[in-house]
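Data from structure-v5.cif: mmCIF, C-alpha atoms
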```cif
data_target
loop_
_atom_site.label_atom_id
_atom_site.label_comp_id
_atom_site.auth_asym_id
_atom_site.auth_seq_id
_atom_site.Cartn_x
_atom_site.Cartn_y
_atom_site.Cartn_z
CA MET A 152 -60.00 -117.58 -57.63
CA GLU A 153 -58.45 -119.60 -54.84
CA ALA A 154 -56.79 -122.99 -55.14
CA ALA A 155 -58.42 -125.88 -53.30
CA ALA A 156 -56.65 -129.24 -53.15
CA GLY A 157 -54.52 -128.21 -56.10
CA PHE A 158 -57.30 -126.89 -58.35
CA LEU A 159 -58.92 -123.50 -58.78
CA THR A 160 -62.61 -123.28 -57.97
CA ALA A 161 -63.71 -121.55 -61.20
CA PRO A 162 -62.64 -122.12 -64.83
CA PRO A 163 -61.05 -119.32 -66.89
CA PRO A 164 -63.19 -117.34 -69.37
CA LEU A 165 -63.75 -118.55 -72.92
CA GLY A 166 -60.65 -118.17 -75.09
CA HIS A 167 -58.39 -118.10 -72.03
CA ILE A 168 -56.31 -120.62 -70.16
CA LEU A 169 -54.65 -120.47 -66.78
CA ALA A 170 -51.03 -121.64 -66.85
CA SER A 171 -48.73 -122.43 -63.96
CA ASP A 172 -46.11 -119.72 -63.56
CA LYS A 173 -43.31 -122.22 -64.29
CA TRP A 174 -44.44 -122.24 -67.94
CA ARG A 175 -44.06 -118.46 -68.33
CA SER A 176 -41.01 -118.57 -70.65
CA SER A 177 -41.88 -121.82 -72.40
CA ALA A 178 -42.28 -122.36 -76.14
CA LEU A 179 -45.68 -123.92 -75.42
CA VAL A 180 -47.10 -120.76 -73.86
CA GLN A 181 -45.60 -118.55 -76.56
CA SER A 182 -47.13 -120.77 -79.23
CA LEU A 183 -50.53 -120.55 -77.53
CA LYS A 184 -50.31 -116.76 -77.49
CA ASP A 185 -49.28 -116.69 -81.16
CA GLY A 186 -52.31 -118.88 -81.92
CA GLY A 187 -54.76 -116.43 -80.38
CA VAL A 188 -55.18 -117.95 -76.90
CA THR A 189 -55.08 -115.55 -73.96
CA VAL A 190 -52.75 -117.07 -71.37
CA VAL A 191 -53.06 -115.96 -67.75
CA MET A 192 -50.11 -116.96 -65.60
CA GLU A 193 -51.03 -118.21 -62.14
CA ALA A 194 -48.56 -118.73 -59.30
CA GLU A 195 -51.00 -120.73 -57.16
CA LEU A 196 -52.40 -123.15 -59.73
CA GLY A 197 -51.60 -126.23 -57.64
CA VAL A 198 -50.75 -129.63 -59.12
CA ALA A 199 -52.14 -129.01 -62.61
CA ASP A 200 -50.10 -127.20 -65.26
CA PHE A 201 -53.06 -125.72 -67.15
CA HIS A 202 -56.76 -125.00 -66.55
CA LEU A 203 -59.05 -124.75 -69.58
CA PRO A 204 -62.42 -122.98 -69.90
CA ASN A 205 -64.33 -126.23 -70.55
CA ARG A 206 -63.77 -127.35 -66.94
CA SER A 207 -60.80 -129.55 -67.77
CA CYS A 208 -57.22 -129.37 -66.56
CA ILE A 209 -53.91 -130.69 -67.85
CA LEU A 210 -50.83 -132.17 -66.26
CA TYR A 211 -47.86 -132.24 -68.64
CA VAL A 212 -45.35 -135.09 -68.43
CA SER A 213 -42.24 -134.23 -70.44
CA GLU A 214 -39.72 -136.46 -72.15
CA GLY A 215 -37.30 -135.62 -69.35
CA ASP A 216 -39.82 -136.63 -66.70
CA VAL A 217 -40.36 -140.01 -68.35
CA VAL A 218 -36.68 -140.78 -68.91
CA ALA A 219 -35.58 -139.60 -65.45
CA GLY A 220 -37.41 -142.41 -63.66
CA SER A 221 -40.56 -142.96 -61.63
CA SER A 222 -40.62 -139.69 -59.67
CA TYR A 223 -43.30 -138.34 -62.05
CA LYS A 224 -45.65 -141.02 -60.67
CA ARG A 225 -45.93 -139.25 -57.32
CA LYS A 226 -47.04 -136.07 -59.06
CA LEU A 227 -49.59 -138.02 -61.08
CA VAL A 228 -51.01 -139.57 -57.93
CA ARG A 229 -51.36 -136.12 -56.31
CA TYR A 230 -53.05 -134.90 -59.48
CA ARG A 231 -55.53 -137.78 -59.43
CA ASN A 232 -56.21 -137.41 -55.71
CA ALA A 233 -56.84 -133.67 -55.84
CA SER A 234 -60.49 -132.98 -55.09
CA SER A 235 -61.87 -131.71 -58.37
CA ARG A 236 -64.94 -131.72 -60.56
CA LEU A 237 -62.74 -131.06 -63.58
CA GLN A 238 -61.89 -133.50 -66.35
CA GLU A 239 -58.28 -134.45 -65.62
CA LEU A 240 -56.13 -134.88 -68.74
CA VAL A 241 -52.51 -135.99 -68.86
CA LEU A 242 -50.32 -134.97 -71.81
CA VAL A 243 -47.26 -137.20 -72.17
CA GLU A 244 -44.36 -136.56 -74.53
CA ASN A 245 -43.82 -139.68 -76.63
CA THR A 246 -40.54 -139.21 -78.51
CA ARG A 247 -37.77 -141.42 -79.85
CA LEU A 248 -35.99 -141.00 -76.55
CA SER A 249 -38.99 -141.77 -74.32
CA GLU A 250 -40.97 -144.25 -76.44
CA GLN A 251 -39.38 -147.30 -74.77
CA TYR A 252 -40.98 -146.18 -71.49
CA PHE A 253 -44.28 -145.04 -72.98
CA SER A 254 -46.24 -148.27 -72.55
CA ALA A 255 -45.41 -148.36 -68.83
CA VAL A 256 -46.44 -144.72 -68.42
CA GLN A 257 -49.66 -145.40 -70.30
CA ARG A 258 -50.54 -148.38 -68.13
CA PHE A 259 -49.93 -146.37 -64.97
CA VAL A 260 -51.94 -143.33 -66.10
CA VAL A 261 -54.87 -145.12 -67.74
CA PHE A 262 -55.21 -148.42 -65.90
CA ASP A 263 -53.79 -147.70 -62.44
CA LEU A 264 -55.02 -144.12 -62.01
CA GLY A 265 -58.00 -144.09 -64.37
CA LEU A 266 -56.95 -140.82 -66.04
CA THR A 267 -57.08 -139.86 -69.72
CA LEU A 268 -53.68 -139.86 -71.45
CA LEU A 269 -53.03 -137.92 -74.64
CA PRO A 270 -49.69 -138.56 -76.40
CA VAL A 271 -47.91 -135.58 -77.93
CA SER A 272 -44.60 -135.33 -79.74
CA GLY A 273 -43.59 -132.17 -77.88
CA GLN A 274 -44.66 -128.69 -76.80
CA ALA A 275 -45.53 -127.60 -80.34
CA GLU A 276 -48.09 -130.36 -80.78
CA ALA A 277 -49.34 -129.85 -77.23
CA SER A 278 -49.99 -126.17 -77.91
CA GLN A 279 -51.93 -127.04 -81.07
CA LEU A 280 -54.10 -129.48 -79.15
CA ILE A 281 -54.75 -127.06 -76.28
CA ALA A 282 -55.54 -124.22 -78.71
CA GLN A 283 -57.96 -126.45 -80.59
CA ILE A 284 -59.75 -127.28 -77.35
CA VAL A 285 -59.83 -123.68 -76.09
CA LEU A 286 -60.76 -121.95 -79.36
CA GLY A 287 -62.96 -124.73 -80.72
CA GLY A 288 -65.50 -124.80 -77.88
CA GLY A 289 -68.01 -121.98 -78.05
CA ARG A 290 -70.36 -120.76 -75.34
CA ASP A 291 -73.18 -122.86 -76.82
CA ASN A 292 -71.91 -126.39 -77.02
CA PRO A 293 -72.60 -127.53 -80.62
CA PHE A 294 -71.95 -131.15 -79.72
CA ARG A 295 -74.93 -131.69 -77.39
CA ARG A 296 -77.13 -134.55 -78.52
CA SER A 297 -80.84 -134.76 -77.73
CA ARG A 298 -80.63 -138.57 -77.69
CA SER A 299 -78.20 -138.52 -74.79
CA ALA A 300 -78.29 -136.79 -71.43
CA ARG A 301 -74.49 -136.52 -71.58
CA PRO A 302 -73.04 -133.64 -73.64
CA LEU A 303 -70.11 -134.36 -75.90
CA ASP A 304 -67.17 -132.30 -74.70
CA PRO A 305 -65.48 -130.34 -77.52
CA ALA A 306 -62.13 -131.15 -75.90
CA VAL A 307 -62.75 -134.87 -76.22
CA LEU A 308 -64.07 -134.51 -79.76
CA ALA A 309 -60.93 -132.59 -80.73
CA VAL A 310 -58.76 -135.41 -79.40
CA VAL A 311 -60.61 -138.16 -81.25
CA GLN A 312 -60.56 -136.20 -84.50
CA ARG A 313 -56.75 -136.20 -84.32
CA VAL A 314 -56.70 -139.95 -84.97
CA PRO A 315 -55.59 -140.55 -88.57
CA GLY A 316 -58.53 -141.58 -90.74
CA VAL A 317 -61.16 -140.43 -88.23
CA GLY A 318 -63.09 -137.34 -89.16
CA ARG A 319 -65.90 -135.58 -87.34
CA VAL A 320 -68.61 -138.09 -88.29
CA LYS A 321 -66.70 -141.14 -87.04
CA ALA A 322 -65.49 -139.24 -83.96
CA LEU A 323 -69.08 -138.39 -83.05
CA ALA A 324 -70.13 -142.00 -83.61
CA LEU A 325 -67.38 -143.24 -81.29
CA LEU A 326 -68.27 -140.76 -78.57
CA GLN A 327 -71.95 -141.69 -78.78
CA HIS A 328 -71.05 -145.37 -78.41
CA PHE A 329 -68.42 -145.16 -75.67
CA SER A 330 -69.32 -143.39 -72.44
CA SER A 331 -65.93 -141.73 -71.91
CA LEU A 332 -62.57 -141.12 -73.55
CA GLN A 333 -61.06 -143.57 -71.07
CA GLN A 334 -63.46 -146.30 -72.20
CA LEU A 335 -62.61 -145.51 -75.82
CA CYS A 336 -58.88 -145.72 -75.05
CA ASN A 337 -59.38 -149.13 -73.46
CA ALA A 338 -61.50 -150.54 -76.30
CA GLY A 339 -60.08 -153.28 -78.49
CA PRO A 340 -60.37 -153.44 -82.30
CA ALA A 341 -63.28 -155.89 -82.05
CA GLU A 342 -65.26 -153.37 -79.98
CA LEU A 343 -64.39 -150.47 -82.28
CA GLU A 344 -65.07 -152.22 -85.60
CA PRO A 345 -68.91 -152.22 -85.41
CA VAL A 346 -68.85 -148.46 -84.90
CA VAL A 347 -66.31 -147.24 -87.47
CA GLY A 348 -65.32 -150.24 -89.58
CA GLN A 349 -62.26 -152.48 -89.57
CA ALA A 350 -59.69 -150.06 -91.02
CA ALA A 351 -60.61 -147.14 -88.76
CA ALA A 352 -60.85 -149.46 -85.75
CA GLN A 353 -57.21 -150.48 -86.20
CA LEU A 354 -56.16 -146.82 -86.56
CA VAL A 355 -58.01 -145.79 -83.41
CA HIS A 356 -56.56 -148.67 -81.40
CA SER A 357 -53.03 -147.98 -82.66
CA PHE A 358 -53.30 -144.27 -81.87
CA PHE A 359 -54.02 -144.90 -78.20
CA HIS A 360 -51.87 -148.00 -77.68
CA SER A 361 -48.88 -148.08 -80.02
CA PRO A 362 -45.86 -146.05 -78.79
CA SER A 363 -44.71 -145.43 -82.34
CA ALA A 364 -48.10 -144.11 -83.42
CA ALA A 365 -47.76 -140.88 -81.43
CA GLY A 366 -43.99 -140.59 -81.40
CA SER A 367 -43.44 -140.16 -85.10
#
```

structure tokens encoding of this file:
Amino acid sequence: MEAAAGFLTAPPPLGHILASDKWRSSALVQSLKDGGVTVVMEAELGVADFHLPNRSCILYVSEGDVVAGSSYKRKLVRYRNASSRLQELVLVENTRLSEQYFSAVQRFVVFDLGLTLLPVSGQAEASQLIAQIVLGGGRDNPFRRSRSARPLDPAVLAVVQRVPGVGRVKALALLQHFSSLQQLCNAGPAELEPVVGQAAAQLVHSFFHSPSAAGS
């Protein structure tokens, strides 16, 4: 597999991920291995930090990146501009130290660049999310719906199910109603309420918009 504009041309096999060589000694990679994910280190992965078998990729923005200033923005722009047919995800560490900057990061990633941001508390939570995506999506996608020409990505479903108070049924309802995870992230409580009810609507909105919701 050769890198083109920062992305590899073919996804890794099921149950595997490709990880940038800089993550070789990280707790995240070790946790993935302990959880049953086969991690293949790749020196020429390009801008992305990880490639997943469901044709998605991940750029990881650490607490240190956020606190250090705006230099991470240049990397995010390169990530967005890389020619790719992959779903581009951005994992951002939202901690007590970085939460004061989180809203600005979120606006830049979601509104300025149009990418999907997933808040994590650190590498341990990130590894759990990645493992859930990699090990939860089988060869036959169980989330395809005959009423829609667009398949529901197991990776996206896994993210939505992490919202407190939202199980599989409500997650599926949300993903049938909203055309993308980005559109769901941008939805207000009034738009969410008809789909999942008032209480769940507030929880969904808080999960994607409140710094403290993901940093606890």

Choose the residue, out of A:Gly166, A:Gly220, A:Gly197, A:Gly265, that has the smallest atom-to-atom separation from Val241 of chain A; count all atoms listed in the file. A:Gly265

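Using only C-alpha atoms, the protein and nucleic acid residues lying no more than 6 Å from segment 306-317 of chain A, apart from those fewer than 3 places from it along its own chain, are Ile284, Lys321 and Ala322 of chain A.
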
Just how far from atom CA of Leu280 of chain A is atom CA of Leu165 of chain A, in Å to one decimal?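 Taking atom CA of Leu165 of chain A as the start and atom CA of Leu280 of chain A as the end point, the length is 15.9 Å.
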
Hey, can you check how far atom CA of Asp172 of chain A sits from atom CA of His202 of chain A?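 For atom CA of Asp172 of chain A relative to atom CA of His202 of chain A, the distance reads 12.3 Å.
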
Evaluate the PyMOL selection byres ((chain A and resi 356) around 9) on the structure here and hand back the selected residues as JSON, numbers by chain. {"A": [335, 336, 337, 338, 339, 340, 343, 351, 352, 353, 354, 355, 357, 358, 359, 360, 361]}

Can you tell me how far atom CA of Val271 of chain A sits from atom CA of Ser213 of chain A, in Å to one decimal? 9.5 Å

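When all atoms listed in the file are used to compute distances to Leu240 of chain A, the closest of the residues A:Asp200, A:Glu193, A:Asp185, A:Glu214 turns out to be A:Asp200.
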
So which residues get picked by the PyMOL selection byres ((chain A and resi 187-191) around 6) here, written as a tab-separated table (two decimals) with C-alpha atoms, in the frame of the given file?
```tsv
chain	number	residue	atom	x	y	z
A	166	GLY	CA	-60.65	-118.17	-75.09
A	167	HIS	CA	-58.39	-118.10	-72.03
A	168	ILE	CA	-56.31	-120.62	-70.16
A	169	LEU	CA	-54.65	-120.47	-66.78
A	183	LEU	CA	-50.53	-120.55	-77.53
A	184	LYS	CA	-50.31	-116.76	-77.49
A	185	ASP	CA	-49.28	-116.69	-81.16
A	186	GLY	CA	-52.31	-118.88	-81.92
A	192	MET	CA	-50.11	-116.96	-65.60
```

Starting from the point (-44.6, -125.3, -76.1), work out which residues of protein, DNA or RNA have an atom no more than 9 Å away when counting all atoms listed in the file; state them as a PDB file with C-alpha atoms, keeping the file's coordinate frame.
```
ATOM      1  CA  TRP A 174     -44.440-122.240 -67.940  1.00  0.00           C
ATOM      2  CA  SER A 177     -41.880-121.820 -72.400  1.00  0.00           C
ATOM      3  CA  ALA A 178     -42.280-122.360 -76.140  1.00  0.00           C
ATOM      4  CA  LEU A 179     -45.680-123.920 -75.420  1.00  0.00           C
ATOM      5  CA  VAL A 180     -47.100-120.760 -73.860  1.00  0.00           C
ATOM      6  CA  GLN A 181     -45.600-118.550 -76.560  1.00  0.00           C
ATOM      7  CA  SER A 182     -47.130-120.770 -79.230  1.00  0.00           C
ATOM      8  CA  LEU A 183     -50.530-120.550 -77.530  1.00  0.00           C
ATOM      9  CA  GLY A 273     -43.590-132.170 -77.880  1.00  0.00           C
ATOM     10  CA  GLN A 274     -44.660-128.690 -76.800  1.00  0.00           C
ATOM     11  CA  ALA A 275     -45.530-127.600 -80.340  1.00  0.00           C
ATOM     12  CA  GLU A 276     -48.090-130.360 -80.780  1.00  0.00           C
ATOM     13  CA  ALA A 277     -49.340-129.850 -77.230  1.00  0.00           C
ATOM     14  CA  SER A 278     -49.990-126.170 -77.910  1.00  0.00           C
TER      15      SER A 278
END
```

Can you list what the PyMOL selection byres ((chain A and resi 328) around 12) grabs from this structure, as a ChimeraX atom specification? /A:298-299,301,303,321-327,329-332,334-335,338,342-347

Filled-in all heavy atoms of segment 201-212 of chain A, supplied as a compact mmCIF listing (two decimals), in the frame of the given file:
```txt
# COMPACT_ATOMS: atom_id res chain seq x y z
N PHE A 201 -52.17 -126.60 -66.40
CA PHE A 201 -53.06 -125.72 -67.15
C PHE A 201 -54.51 -125.98 -66.74
O PHE A 201 -54.90 -127.12 -66.49
CB PHE A 201 -52.92 -125.94 -68.66
CG PHE A 201 -51.52 -125.78 -69.18
CD1 PHE A 201 -50.71 -126.89 -69.39
CD2 PHE A 201 -51.00 -124.52 -69.44
CE1 PHE A 201 -49.41 -126.75 -69.84
CE2 PHE A 201 -49.70 -124.37 -69.90
CZ PHE A 201 -48.90 -125.49 -70.11
N HIS A 202 -55.31 -124.91 -66.71
CA HIS A 202 -56.76 -125.00 -66.55
C HIS A 202 -57.40 -124.43 -67.80
O HIS A 202 -57.06 -123.34 -68.24
CB HIS A 202 -57.22 -124.23 -65.32
CG HIS A 202 -57.06 -124.99 -64.05
ND1 HIS A 202 -58.00 -124.97 -63.07
CD2 HIS A 202 -56.07 -125.79 -63.60
CE1 HIS A 202 -57.60 -125.73 -62.04
NE2 HIS A 202 -56.42 -126.23 -62.35
N LEU A 203 -58.38 -125.14 -68.36
CA LEU A 203 -59.05 -124.75 -69.58
C LEU A 203 -60.48 -124.31 -69.28
O LEU A 203 -61.05 -124.71 -68.27
CB LEU A 203 -59.05 -125.91 -70.58
CG LEU A 203 -57.75 -126.16 -71.37
CD1 LEU A 203 -56.57 -126.41 -70.45
CD2 LEU A 203 -57.92 -127.33 -72.33
N PRO A 204 -61.08 -123.51 -70.19
CA PRO A 204 -62.42 -122.98 -69.90
C PRO A 204 -63.54 -124.01 -69.95
O PRO A 204 -64.66 -123.71 -69.54
CB PRO A 204 -62.61 -121.89 -70.98
CG PRO A 204 -61.68 -122.27 -72.07
CD PRO A 204 -60.50 -122.92 -71.40
N ASN A 205 -63.28 -125.21 -70.47
CA ASN A 205 -64.33 -126.23 -70.55
C ASN A 205 -64.33 -127.14 -69.32
O ASN A 205 -64.76 -128.28 -69.38
CB ASN A 205 -64.15 -127.07 -71.82
CG ASN A 205 -62.87 -127.90 -71.78
OD1 ASN A 205 -61.91 -127.53 -71.11
ND2 ASN A 205 -62.86 -129.01 -72.48
N ARG A 206 -63.81 -126.63 -68.22
CA ARG A 206 -63.77 -127.35 -66.94
C ARG A 206 -62.90 -128.60 -67.04
O ARG A 206 -63.23 -129.66 -66.50
CB ARG A 206 -65.17 -127.71 -66.44
CG ARG A 206 -66.08 -126.50 -66.26
CD ARG A 206 -67.22 -126.78 -65.32
NE ARG A 206 -66.75 -126.93 -63.95
CZ ARG A 206 -66.53 -125.91 -63.11
NH1 ARG A 206 -66.74 -124.67 -63.51
NH2 ARG A 206 -66.10 -126.12 -61.88
N SER A 207 -61.81 -128.49 -67.75
CA SER A 207 -60.80 -129.55 -67.77
C SER A 207 -59.46 -128.95 -67.37
O SER A 207 -59.27 -127.73 -67.41
CB SER A 207 -60.71 -130.21 -69.15
OG SER A 207 -60.28 -129.28 -70.13
N CYS A 208 -58.55 -129.81 -66.95
CA CYS A 208 -57.22 -129.37 -66.56
C CYS A 208 -56.20 -130.34 -67.14
O CYS A 208 -56.55 -131.47 -67.54
CB CYS A 208 -57.08 -129.29 -65.04
SG CYS A 208 -57.51 -130.80 -64.16
N ILE A 209 -54.96 -129.90 -67.20
CA ILE A 209 -53.91 -130.69 -67.85
C ILE A 209 -52.69 -130.77 -66.96
O ILE A 209 -52.24 -129.76 -66.40
CB ILE A 209 -53.52 -130.06 -69.21
CG1 ILE A 209 -54.66 -130.20 -70.23
CG2 ILE A 209 -52.24 -130.70 -69.76
CD1 ILE A 209 -54.41 -129.48 -71.53
N LEU A 210 -52.15 -131.97 -66.85
CA LEU A 210 -50.83 -132.17 -66.26
C LEU A 210 -49.91 -132.63 -67.38
O LEU A 210 -50.24 -133.57 -68.12
CB LEU A 210 -50.87 -133.22 -65.16
CG LEU A 210 -49.52 -133.51 -64.46
CD1 LEU A 210 -49.09 -132.30 -63.65
CD2 LEU A 210 -49.63 -134.73 -63.55
N TYR A 211 -48.77 -131.96 -67.53
CA TYR A 211 -47.86 -132.24 -68.64
C TYR A 211 -46.68 -133.07 -68.14
O TYR A 211 -45.98 -132.66 -67.21
CB TYR A 211 -47.36 -130.93 -69.25
CG TYR A 211 -46.69 -131.07 -70.59
CD1 TYR A 211 -47.42 -130.91 -71.77
CD2 TYR A 211 -45.34 -131.35 -70.70
CE1 TYR A 211 -46.82 -131.02 -73.00
CE2 TYR A 211 -44.72 -131.47 -71.92
CZ TYR A 211 -45.45 -131.31 -73.07
OH TYR A 211 -44.86 -131.43 -74.30
N VAL A 212 -46.48 -134.23 -68.76
CA VAL A 212 -45.35 -135.09 -68.43
C VAL A 212 -44.37 -135.03 -69.60
O VAL A 212 -44.67 -135.50 -70.70
CB VAL A 212 -45.79 -136.54 -68.17
CG1 VAL A 212 -44.59 -137.43 -67.83
CG2 VAL A 212 -46.82 -136.59 -67.04
```
